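See structure below.
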Amino acid sequence: MVIVNASAGLGYCGGWTAALEEKFRSHGVAPDITLARSGDEMIARAEKAVADGAPLVVAGGGDGTINAVASVLVGSRTRLGVLPLGTLNHFAKDLKIPLDLDGAVANAVLGRACQIDVGEVNGRIFLNNSSLGMYPDIVRDREQQQKKLGRGKWLAFGHALFAALRRFPFMNMRLKINGEAHLRRTPFVFIGNNEYLQGLTMGARERLDSGKLCLYVAQNPTRLGLLRYALHALFGKLAEARDFDVLSAAELVIETRHHRLRVATDGEVTHMQPPLCYRSRASALSVIVPAA
């Protein structure tokens, strides 16, 4: 089963599907390819595959698409293959999955299964990270501008970023982690599935099987600092670790006085009711990675 996110309008026509099918056939596999037009369709197809006992489901798209399909496969015997067709493809990069389509197809067929952790917040799965504060606000504002005003992604992002900097929003929260409580006032909270490399890029992890989440809380930044956080979050990078409180644990809780919070998980924003209960689900997902 191959599920490709066709809702982005990237030209996945009949010819493209036939070419993708031929790439699989060249490795002796006859794929069942679905061009899904919505997230609901992707999830429904993945659920049917798991119910039918499919040994492998290959997801094609960006990190949000991989998240949607993986959320169905977590805890099952069905393995996940990845065709990184998005812009950033952080998940594929961290697992050293080839970014070119030919290499990704070969990996899905010839690679080995590897058990990795996933993060979870209030029942929602994330493969890469979750964030609160400024970044989910910018994503929500950008999407509204794209839908209502017809602005392009980058123009809408610029307007959303400027609006967030004008508001200069901070949140008061209580963090419960490793048996201790911490009070923080911050505009930005980042929770990674496993540890992101400190002092380098926040888009790279050396491992995804430690059974730990890594929490980064921004420490009273200036507006310029907020701008840096937003840009780094967008591109999967963050500033050096000295700008953050950095804590790791298998689970943590975030409490606030807000009735609802916007929470980003792998770039997708939803509303959740605090407390936000995060946990690592160790070795809960089987992914096909390069054999070497």
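For the structure tokens, the naming scheme is as follows: chains receive sequential letters (A, B, ...) according to their order of presentation, residues are indexed from 1 within each chain, and ligands are indexed from 1 in presentation order.
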
task: Going by DSSP on the backbone, which bits of stretch 8-139 of chain A are strand (DSSP E)? Write them as a PyMOL selection string, please.
output: chain A and resi 33-36+56-61+79-84+112-121+124-126+129-133

Please dump the current selection as a PDB file, in the first residue's frame; keep C-alpha atoms.
```pdb
ATOM      1  CA  ILE A  33      -1.087   3.390  -5.010  1.00  0.00           C
ATOM      2  CA  THR A  34      -3.610   5.859  -3.606  1.00  0.00           C
ATOM      3  CA  LEU A  35      -3.478   9.573  -4.406  1.00  0.00           C
ATOM      4  CA  ALA A  36      -5.238  10.898  -1.314  1.00  0.00           C
ATOM      5  CA  LEU A  56       3.966  -2.273   4.958  1.00  0.00           C
ATOM      6  CA  VAL A  57       2.374   1.116   4.257  1.00  0.00           C
ATOM      7  CA  VAL A  58       4.445   3.656   2.328  1.00  0.00           C
ATOM      8  CA  ALA A  59       3.568   7.330   2.908  1.00  0.00           C
ATOM      9  CA  GLY A  60       4.510   9.949   0.320  1.00  0.00           C
ATOM     10  CA  GLY A  61       4.505  13.632   1.260  1.00  0.00           C
ATOM     11  CA  ARG A  79       5.788  -1.054   9.054  1.00  0.00           C
ATOM     12  CA  LEU A  80       6.101   2.486   7.678  1.00  0.00           C
ATOM     13  CA  GLY A  81       7.937   3.319   4.465  1.00  0.00           C
ATOM     14  CA  VAL A  82       8.696   6.947   3.613  1.00  0.00           C
ATOM     15  CA  LEU A  83       8.766   8.804   0.300  1.00  0.00           C
ATOM     16  CA  PRO A  84       9.969  12.305   1.310  1.00  0.00           C
ATOM     17  CA  ARG A 112      15.464  -2.899   7.120  1.00  0.00           C
ATOM     18  CA  ALA A 113      12.839  -2.387   9.815  1.00  0.00           C
ATOM     19  CA  CYS A 114      13.851  -0.205  12.759  1.00  0.00           C
ATOM     20  CA  GLN A 115      11.821   0.437  15.921  1.00  0.00           C
ATOM     21  CA  ILE A 116      11.674   4.124  16.871  1.00  0.00           C
ATOM     22  CA  ASP A 117       9.968   6.253  19.502  1.00  0.00           C
ATOM     23  CA  VAL A 118       7.095   8.628  18.893  1.00  0.00           C
ATOM     24  CA  GLY A 119       5.949  11.522  21.022  1.00  0.00           C
ATOM     25  CA  GLU A 120       2.372  11.961  22.177  1.00  0.00           C
ATOM     26  CA  VAL A 121       0.480  14.932  23.599  1.00  0.00           C
ATOM     27  CA  ARG A 124      -1.998  13.122  19.407  1.00  0.00           C
ATOM     28  CA  ILE A 125       1.154  11.618  17.888  1.00  0.00           C
ATOM     29  CA  PHE A 126       4.209  13.537  16.709  1.00  0.00           C
ATOM     30  CA  ASN A 129       8.369  17.865  17.609  1.00  0.00           C
ATOM     31  CA  SER A 130       5.568  19.801  19.214  1.00  0.00           C
ATOM     32  CA  SER A 131       5.537  23.496  20.082  1.00  0.00           C
ATOM     33  CA  LEU A 132       3.463  26.082  21.917  1.00  0.00           C
ATOM     34  CA  GLY A 133       3.282  29.846  21.840  1.00  0.00           C
TER      35      GLY A 133
END
```

Contacts of A:Lys48 at 12 Å (only C-alpha atoms; same-chain gap of 3+ positions) as an MDAnalysis selection string: chainID A and resid 1 3 41:45 51:54 57 69 72:73 78

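Picture a line from atom CA of A:Ala250 to atom CA of A:Gly211; it runs 6.1 Å.
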
query: Of the candidates A:Gly39, A:Pro55, A:Gly179, A:Pro98, which one gets nearest to A:Ser286 if we count only C-alpha atoms?
result: A:Pro55

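Of the residues listed (A:Asn128, A:Leu20, A:Leu213, A:Ala46), A:Asn128 shows the shortest atom-to-atom separation from A:Lys93; distances use only C-alpha atoms.
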
task: Could you please determine the separation between atom CA of A:Phe188 and atom CA of A:Leu276 in Å, to one decimal place?
output: 14.8 Å

- request: Extract, using only C-alpha atoms, all DNA, RNA and protein residues at most 12 Å from A:Ser26, discarding same-chain residues fewer than 3 positions from it, and format them as a list of chain:residue names.
  value: A:Ala19, A:Leu20, A:Glu21, A:Glu22, A:Lys23, A:Val29, A:Ala30, A:Pro31, A:Asp102, A:Val105, A:Ala106, A:Val109, A:Leu110

message: Applying 7 Å and only C-alpha atoms, which residues near A:His90 remain after dropping the ones on its own chain fewer than 2 positions away? List them as a ChimeraX atom specification.
response: /A:63,88,92-94,203

Convert the current residue selection to file output with all heavy atoms, as an mmCIF file, in the first residue's frame.
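File written: out_25.cif
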```cif
data_model
loop_
_atom_site.group_PDB
_atom_site.id
_atom_site.type_symbol
_atom_site.label_atom_id
_atom_site.label_comp_id
_atom_site.auth_asym_id
_atom_site.auth_seq_id
_atom_site.Cartn_x
_atom_site.Cartn_y
_atom_site.Cartn_z
ATOM 1 N N ASP A 63 6.341 16.173 6.146
ATOM 2 C CA ASP A 63 6.318 15.652 7.508
ATOM 3 C C ASP A 63 4.900 15.518 8.051
ATOM 4 O O ASP A 63 4.605 14.598 8.815
ATOM 5 C CB ASP A 63 7.148 16.553 8.428
ATOM 6 C CG ASP A 63 8.643 16.370 8.210
ATOM 7 O OD1 ASP A 63 9.080 15.225 8.024
ATOM 8 O OD2 ASP A 63 9.374 17.373 8.236
ATOM 9 N N LEU A 88 10.820 20.182 3.627
ATOM 10 C CA LEU A 88 11.886 20.080 4.621
ATOM 11 C C LEU A 88 12.282 18.636 4.936
ATOM 12 O O LEU A 88 13.451 18.333 5.102
ATOM 13 C CB LEU A 88 11.465 20.803 5.900
ATOM 14 C CG LEU A 88 11.161 22.298 5.709
ATOM 15 C CD1 LEU A 88 10.664 22.913 7.014
ATOM 16 C CD2 LEU A 88 12.382 23.043 5.209
ATOM 17 N N ALA A 92 12.668 12.113 7.468
ATOM 18 C CA ALA A 92 13.472 11.293 6.562
ATOM 19 C C ALA A 92 14.962 11.588 6.737
ATOM 20 O O ALA A 92 15.790 10.674 6.749
ATOM 21 C CB ALA A 92 13.043 11.543 5.120
ATOM 22 N N LYS A 93 15.305 12.847 6.880
ATOM 23 C CA LYS A 93 16.717 13.215 7.039
ATOM 24 C C LYS A 93 17.307 12.586 8.303
ATOM 25 O O LYS A 93 18.433 12.082 8.287
ATOM 26 C CB LYS A 93 16.867 14.732 7.082
ATOM 27 C CG LYS A 93 16.601 15.421 5.754
ATOM 28 C CD LYS A 93 16.678 16.935 5.908
ATOM 29 C CE LYS A 93 16.362 17.638 4.591
ATOM 30 N NZ LYS A 93 16.357 19.115 4.765
ATOM 31 N N ASP A 94 16.570 12.637 9.408
ATOM 32 C CA ASP A 94 17.098 12.105 10.660
ATOM 33 C C ASP A 94 17.287 10.597 10.611
ATOM 34 O O ASP A 94 18.143 10.053 11.309
ATOM 35 C CB ASP A 94 16.173 12.487 11.825
ATOM 36 C CG ASP A 94 16.256 13.955 12.190
ATOM 37 O OD1 ASP A 94 17.197 14.628 11.703
ATOM 38 O OD2 ASP A 94 15.399 14.442 12.949
ATOM 39 N N GLY A 203 17.246 20.689 13.650
ATOM 40 C CA GLY A 203 16.568 19.840 12.694
ATOM 41 C C GLY A 203 17.245 18.498 12.593
ATOM 42 O O GLY A 203 17.009 17.764 11.658
#
```
